[in-house]
Amino acid sequence: MFKYAESHEWAKAEGKVVTIGISDYAAEHLGDVIFAELPMVGKVIKKGEKLIDLESVKAVAEVFSPVSGKVVAVNSELEANAGLINEAPQAGGWIVKVEASDLGELNALMDDAAYQKFLATQH
Amino acid sequence: MKKLMPLLFEMSSAGRTGFSLPASDVPELAIESMVPDSMIRKSAPGLPELSEVDVVRHFTNLSLLNHGVDTGFYPLGSCTMKYNPKVNENAARLPGFARMHPEMPEKGAQGSLRIIHDMDVWLSEICGMDRFTLQPVAGAHGELTGMFIIRAYHLKRGDAKRDKILAPDSSHGTNPASAAAAGMTVVQVASDARGNVDIEDLKAKVGPDTAGLMLTNPNTLGLFDEHIKQITEIVHKAGGLVYYDGANANAIMGKSRPGDMGFDVVHINLHKTFSTPHGGGGPGSGPVGVKKALEPFLPCPLVVKDGETYRWDYDRPDSIGHVHSFNGNFAVVLKAWSYIRTMGPDGLRAASELAVLNANYIMEALKGDFELGYDRTCKHEFVLSGSKQKKESGVRTLDMAKRLLDYGYHAPTVYFPLIVEEAIMIEPTETESKETLDEFICAMKRIAKEAKENPENLHTAPHTTPVGRLDETLAARKPILRWKKEDNA
């Protein structure tokens with residue numbers, strides 16, 4: 001199940017490993033992504049810390065980690081084709097997988113229904 | 001894509017030249033006897049071979065495709081693309097200035113030193129500061145210089161822990177970038193519903209680690225912050241300094257002064273506010289002014305006047321040092337000197353008044369056709385939103401900006417500031433007539449109408465420019481950065 005942060009990242013847990021990307025909404029608003037600077041596998045990150053910068057034709061956006069833990073995989077396909085983030089932000093355009101140190105942190109995120117409601121309040 | 005104009009490389013014809021050299025009257029030496037083998041290229045450089053007329057036509061035709069403030073209206077928000085009077089160019093071309101060597105002894109450079117000294121005094125008066133350096137050569141360069149000065153001030157006081165710079169979410173991207181480049185950590189401050197700095201958020205974020213706040217006023221929304229004195233006071237009380245980004249100073253010349261608002265460091269963009277040419281890569285000039293307490297940290301050297309004589313003052317032990325070779329872009333400073341002398345205090349004040357009037361005139365005329373992020377009297381620029389068009393017909397701000405090119409205008413700044421969705425940032429400046437503004441308003445209204453009636457025409461715009469819609473994404477993802485013979489054989 002996808003869970004969402006107010007800063008428009010999604011997180012999806014399978015066991016202790018949480019896949020992270022940006023939401024459809026974020027991808028549409030960012031415009032065509034041209035570069036994703038991926039972190040090193042093994043990087044330890046805290047919830048709310050900056051994970052990466054995404055550069056689009058319009059802007060550079062920061063992507064924050066919705067969960068604390070250790071990066072165990074990065075989507076290296078983004079290196080050659082960052083446009084995957086626009087094509088399928090919540091599937092093939094995933095960014096990293098993090099081994100979560102506290103899965104309980106995910107409870108603070110919104111489920112799909114709550115996120116849609118949250119988006120309706122955004123201009 | 002249709003090939004608009006061949007490159008010089010493509011026009012090249014073997015053996016054609018644009019010059020003839022006289023026969024050499026010194027003995028010829030083999031290149032191997034002078035240059036190490038590793039440094040001798042193995043194949044010819046492949047320079048284009050052309051006649052003089054080929055080259056002249058090529059560049060003349062290219063220049064005819066350009067859009068500049070000398071050819072048309074240029075409402076590029078945040079950039080102050082005012083007309084630059086030619087008398088300023090005449091001043092900069094006077095041989096006594098143009099041929100001056102930067103190492104000329106003081107005695108032979110009194111006129112040039114006077115220009116720098118005058119500008120120090122005048123900019124100080126206009127901005128309400130105590131001393132200016134003319135070295136920085138761009139706005140962002142001024143910001144970086146200002147950050148170094150702020151850091152030097154705190155370090156001199158033994159207050160080394162102050163390493164955080166606050167900047168509002170409406171700030172120019174260069175603000176956080178300059179602070180980061182100077183080794184500071186950037187903390188973003190929110191804007192309130194009226195486009196001002198959110199006072200509560202500011203109060204929550206200042207503290208003993210605050211080095212300073214960077215603020216543009218009026219800000220990038222074209223709005224004068226209604227709590228400016230309160231803001232500078234909050235930062236000062238926390239022990240921080242306040243930096244004024246002068247990008248929008250064209251709105252306030254002779255009306256209000258950053259120094260009186262409580263700012264400690266200021267940069268001014270001579271290439272915006274003081275009418276030196278802007279665009280095409282410069283050259284720019286971003287003088288930095290400070291209050292008395294920060295004067296010792298200014299870049300070295302400064303010009304001082306002893307009686308009737310001007311000299312360089314290098315004896316400045318607390319200075320952050322040079323920030324540019326020689327004395328910055330002196331010719332640009334000279335053009336701004338000429339502008340200030342031409343305008344005088346009343347002229348500068350009138351320029352700001354007209355810049356503000358022109359912006360409000362367009363804003364009022366267009367606010368029925370486009371959404372307006374913040375419906376307040378603006379200063380020299382304002383920000384519309386294309387969100388209504390996007391919602392109603394899928395026409396985006398980018399499409400409308402492209403369509404404006406068909407009407408013969410340079411597009412406004414789009415998608416900035418980031419806090420307005422589908423932003424369209426319009427700055428007409430004071431140098432445009434009411435007729436020009438009316439024609440532009442008319443074009444914008446027609447585009448708003450087209451968005452409803454014929455959105456497809458906007459999706460594919462521009463239609464009358466030498467090249468049509470460019471694939472900006474492909475250009476960014478797979479840039480071709482240089483011409484290679486192999487690729488074009």
# chains A, B, ... in the order shown; residues from 1 in each chain; ligands from 1
>>> interface_residues(of="chain B", to="chain A", cutoff="7 Å", atoms="only C-alpha atoms", output="MDAnalysis selection string")
chainID B and resid 415 473 476:477
>>> write_last_selection(atoms="C-alpha atoms", output="mmCIF file, in the first residue's frame")
data_model
loop_
_atom_site.group_PDB
_atom_site.id
_atom_site.type_symbol
_atom_site.label_atom_id
_atom_site.label_comp_id
_atom_site.auth_asym_id
_atom_site.auth_seq_id
_atom_site.Cartn_x
_atom_site.Cartn_y
_atom_site.Cartn_z
ATOM 1 C CA TYR B 415 7.438 29.485 -13.420
ATOM 2 C CA THR B 473 13.377 18.546 -22.398
ATOM 3 C CA ALA B 476 18.315 19.349 -21.378
ATOM 4 C CA ARG B 477 18.479 15.556 -21.310
#
>>> select_by_dssp(residues="segment 180-373 of chain B", states="strand (DSSP E)", output="ChimeraX atom specification")
/B:185-189,210-216,241-246,265-268,288-290,302-306,309-313,371-372
>>> write_last_selection(atoms="C-alpha atoms", output="CSV table (one decimal), in the first residue's frame")
chain,number,residue,atom,x,y,z
B,185,THR,CA,23.4,26.6,6.0
B,186,VAL,CA,20.2,27.9,4.5
B,187,VAL,CA,16.9,27.9,6.4
B,188,GLN,CA,13.7,28.7,4.5
B,189,VAL,CA,11.1,31.1,5.9
B,210,THR,CA,21.5,33.0,12.9
B,211,ALA,CA,24.1,34.7,10.8
B,212,GLY,CA,21.6,36.7,8.9
B,213,LEU,CA,18.5,37.1,6.8
B,214,MET,CA,18.5,37.7,3.0
B,215,LEU,CA,15.6,39.6,1.7
B,216,THR,CA,14.5,41.2,-1.5
B,241,LEU,CA,22.4,40.9,10.2
B,242,VAL,CA,20.0,41.6,7.4
B,243,TYR,CA,21.0,41.5,3.7
B,244,TYR,CA,19.2,43.4,1.0
B,245,ASP,CA,19.0,41.8,-2.4
B,246,GLY,CA,18.8,44.9,-4.6
B,265,VAL,CA,24.4,45.0,3.7
B,266,VAL,CA,23.0,45.8,0.3
B,267,HIS,CA,23.8,44.9,-3.3
B,268,ILE,CA,22.6,46.9,-6.2
B,288,VAL,CA,27.9,46.1,-2.2
B,289,GLY,CA,27.1,48.7,0.4
B,290,VAL,CA,27.4,48.3,4.2
B,302,LEU,CA,38.7,51.3,-1.6
B,303,VAL,CA,39.1,54.8,-3.1
B,304,VAL,CA,39.6,57.6,-0.6
B,305,LYS,CA,39.7,61.3,-1.2
B,306,ASP,CA,42.5,63.3,0.5
B,309,THR,CA,43.3,64.0,-4.6
B,310,TYR,CA,42.0,60.5,-4.9
B,311,ARG,CA,44.0,57.4,-3.9
B,312,TRP,CA,43.7,53.7,-3.3
B,313,ASP,CA,43.4,52.6,0.3
B,371,GLU,CA,-5.6,34.7,-11.8
B,372,LEU,CA,-3.6,37.1,-9.7
>>> closest_residue(among="B:Gly72, B:Gly347, B:Tyr374, B:Glu308", to="Lys107 of chain B", atoms="only C-alpha atoms")
B:Glu308
>>> residues_around(residues="segment 114-121 of chain A", least_positions_apart="4", cutoff="8 Å", atoms="only C-alpha atoms", output="number ranges by chain")
A: 4, 6, 110
>>> write_last_selection(atoms="N, CA and C atoms", output="PDB file, in the first residue's frame")
ATOM      1  N   TYR A   4       1.822   8.367   1.832  1.00  0.00           N
ATOM      2  CA  TYR A   4       2.308   9.635   1.274  1.00  0.00           C
ATOM      3  C   TYR A   4       2.711  10.633   2.363  1.00  0.00           C
ATOM      4  N   GLU A   6       3.464  14.836   3.238  1.00  0.00           N
ATOM      5  CA  GLU A   6       2.945  16.134   2.794  1.00  0.00           C
ATOM      6  C   GLU A   6       3.852  16.768   1.752  1.00  0.00           C
ATOM      7  N   MET A 110       0.221   9.579   5.181  1.00  0.00           N
ATOM      8  CA  MET A 110      -1.192   9.512   4.781  1.00  0.00           C
ATOM      9  C   MET A 110      -1.420   8.306   3.883  1.00  0.00           C
TER      10      MET A 110
END
>>> residues_around(residues="Lys3 of chain A", least_positions_apart="5", cutoff="8 Å", atoms="only C-alpha atoms", output="ChimeraX atom specification")
/A:10-12,106,109-112
>>> closest_residue(among="B:Pro479, B:Gly111, B:Pro417, B:Pro412", to="Thr397 of chain B", atoms="only C-alpha atoms")
B:Pro412
>>> closest_residue(among="B:Ala30, B:Lys161, B:Val235, B:Asp54", to="Phe9 of chain B", atoms="only C-alpha atoms")
B:Asp54
>>> select_by_dssp(residues="chain A", states="alpha helix (DSSP H)", output="list in words")
Asp24, Tyr25, Ala26, Ala27, Glu28, His29, Leu30, Glu77, Leu78, Glu79, Ala80, Leu84, Ile85, Asn86, Glu87, Asp112, Ala113, Ala114, Tyr115, Gln116, Lys117, Phe118, Leu119 and Ala120 of chain A
>>> atom_distance(atom1="atom CA of Ile85 of chain A", atom2="atom CA of Asp24 of chain A")
8.9 Å
>>> residues_around(residues="Glu364 of chain B", least_positions_apart="5", cutoff="10 Å", atoms="only C-alpha atoms", output="mmCIF file with C-alpha atoms, in the first residue's frame")
data_model
loop_
_atom_site.group_PDB
_atom_site.id
_atom_site.type_symbol
_atom_site.label_atom_id
_atom_site.label_comp_id
_atom_site.auth_asym_id
_atom_site.auth_seq_id
_atom_site.Cartn_x
_atom_site.Cartn_y
_atom_site.Cartn_z
ATOM 1 C CA ALA B 359 3.250 47.639 -13.536
ATOM 2 C CA LEU B 372 -3.584 37.084 -9.657
ATOM 3 C CA ASP B 375 -4.308 41.045 -5.238
ATOM 4 C CA THR B 377 -1.038 47.209 -5.167
#
>>> closest_atom_pairs(of="segment 428-474 of chain B", to="segment 405-408 of chain B", cutoff="8 Å", atoms="only C-alpha atoms", output="CSV")
residue,atom,partner,partner_atom,distance
B:Ala443,CA,B:Tyr407,CA,6.8
B:Ala461,CA,B:Asp406,CA,7.7
B:Pro462,CA,B:Asp406,CA,5.7
B:His463,CA,B:Asp406,CA,6.4
B:Thr464,CA,B:Asp406,CA,5.5
B:Thr465,CA,B:Asp406,CA,6.5
>>> write_last_selection(atoms="C-alpha atoms", output="CSV table (one decimal), in the first residue's frame")
chain,number,residue,atom,x,y,z
B,443,ALA,CA,-1.9,40.8,-26.9
B,461,ALA,CA,3.1,28.1,-30.6
B,462,PRO,CA,5.2,30.0,-31.6
B,463,HIS,CA,4.2,30.0,-35.3
B,464,THR,CA,5.9,33.0,-36.7
B,465,THR,CA,9.4,32.8,-35.2
>>> decode(residues="segment 85-117 of chain A", atoms="C-alpha atoms", output="PDB file, in the first residue's frame")
ATOM      1  CA  ILE A  85       9.937   9.609 -12.989  1.00  0.00           C
ATOM      2  CA  ASN A  86       7.425  11.363 -15.256  1.00  0.00           C
ATOM      3  CA  GLU A  87       6.332   8.250 -17.136  1.00  0.00           C
ATOM      4  CA  ALA A  88       5.608   6.119 -14.099  1.00  0.00           C
ATOM      5  CA  PRO A  89       6.345   7.992 -10.867  1.00  0.00           C
ATOM      6  CA  GLN A  90       4.702   5.339  -8.706  1.00  0.00           C
ATOM      7  CA  ALA A  91       6.106   2.312 -10.530  1.00  0.00           C
ATOM      8  CA  GLY A  92       9.223   2.209 -12.742  1.00  0.00           C
ATOM      9  CA  GLY A  93      10.175   5.701 -11.607  1.00  0.00           C
ATOM     10  CA  TRP A  94      10.911   4.672  -8.021  1.00  0.00           C
ATOM     11  CA  ILE A  95      14.021   6.318  -6.595  1.00  0.00           C
ATOM     12  CA  VAL A  96      15.516   4.310  -3.701  1.00  0.00           C
ATOM     13  CA  LYS A  97      14.846   1.382  -1.414  1.00  0.00           C
ATOM     14  CA  VAL A  98      15.570   1.965   2.257  1.00  0.00           C
ATOM     15  CA  GLU A  99      15.859  -0.669   4.944  1.00  0.00           C
ATOM     16  CA  ALA A 100      13.761   1.024   7.603  1.00  0.00           C
ATOM     17  CA  SER A 101      15.021   1.223  11.157  1.00  0.00           C
ATOM     18  CA  ASP A 102      11.510   1.899  12.458  1.00  0.00           C
ATOM     19  CA  LEU A 103       8.569   0.858  10.317  1.00  0.00           C
ATOM     20  CA  GLY A 104       6.331   2.620  12.833  1.00  0.00           C
ATOM     21  CA  GLU A 105       7.360   5.902  11.197  1.00  0.00           C
ATOM     22  CA  LEU A 106       5.154   4.986   8.238  1.00  0.00           C
ATOM     23  CA  ASN A 107       2.078   5.302  10.430  1.00  0.00           C
ATOM     24  CA  ALA A 108       2.521   9.070  10.437  1.00  0.00           C
ATOM     25  CA  LEU A 109       2.101   9.174   6.647  1.00  0.00           C
ATOM     26  CA  MET A 110      -1.192   9.512   4.781  1.00  0.00           C
ATOM     27  CA  ASP A 111      -2.956   6.683   2.996  1.00  0.00           C
ATOM     28  CA  ASP A 112      -4.262   7.235  -0.525  1.00  0.00           C
ATOM     29  CA  ALA A 113      -7.648   8.602   0.528  1.00  0.00           C
ATOM     30  CA  ALA A 114      -6.131  11.033   3.027  1.00  0.00           C
ATOM     31  CA  TYR A 115      -3.531  12.147   0.470  1.00  0.00           C
ATOM     32  CA  GLN A 116      -6.196  12.848  -2.172  1.00  0.00           C
ATOM     33  CA  LYS A 117      -8.073  14.901   0.415  1.00  0.00           C
TER      34      LYS A 117
END
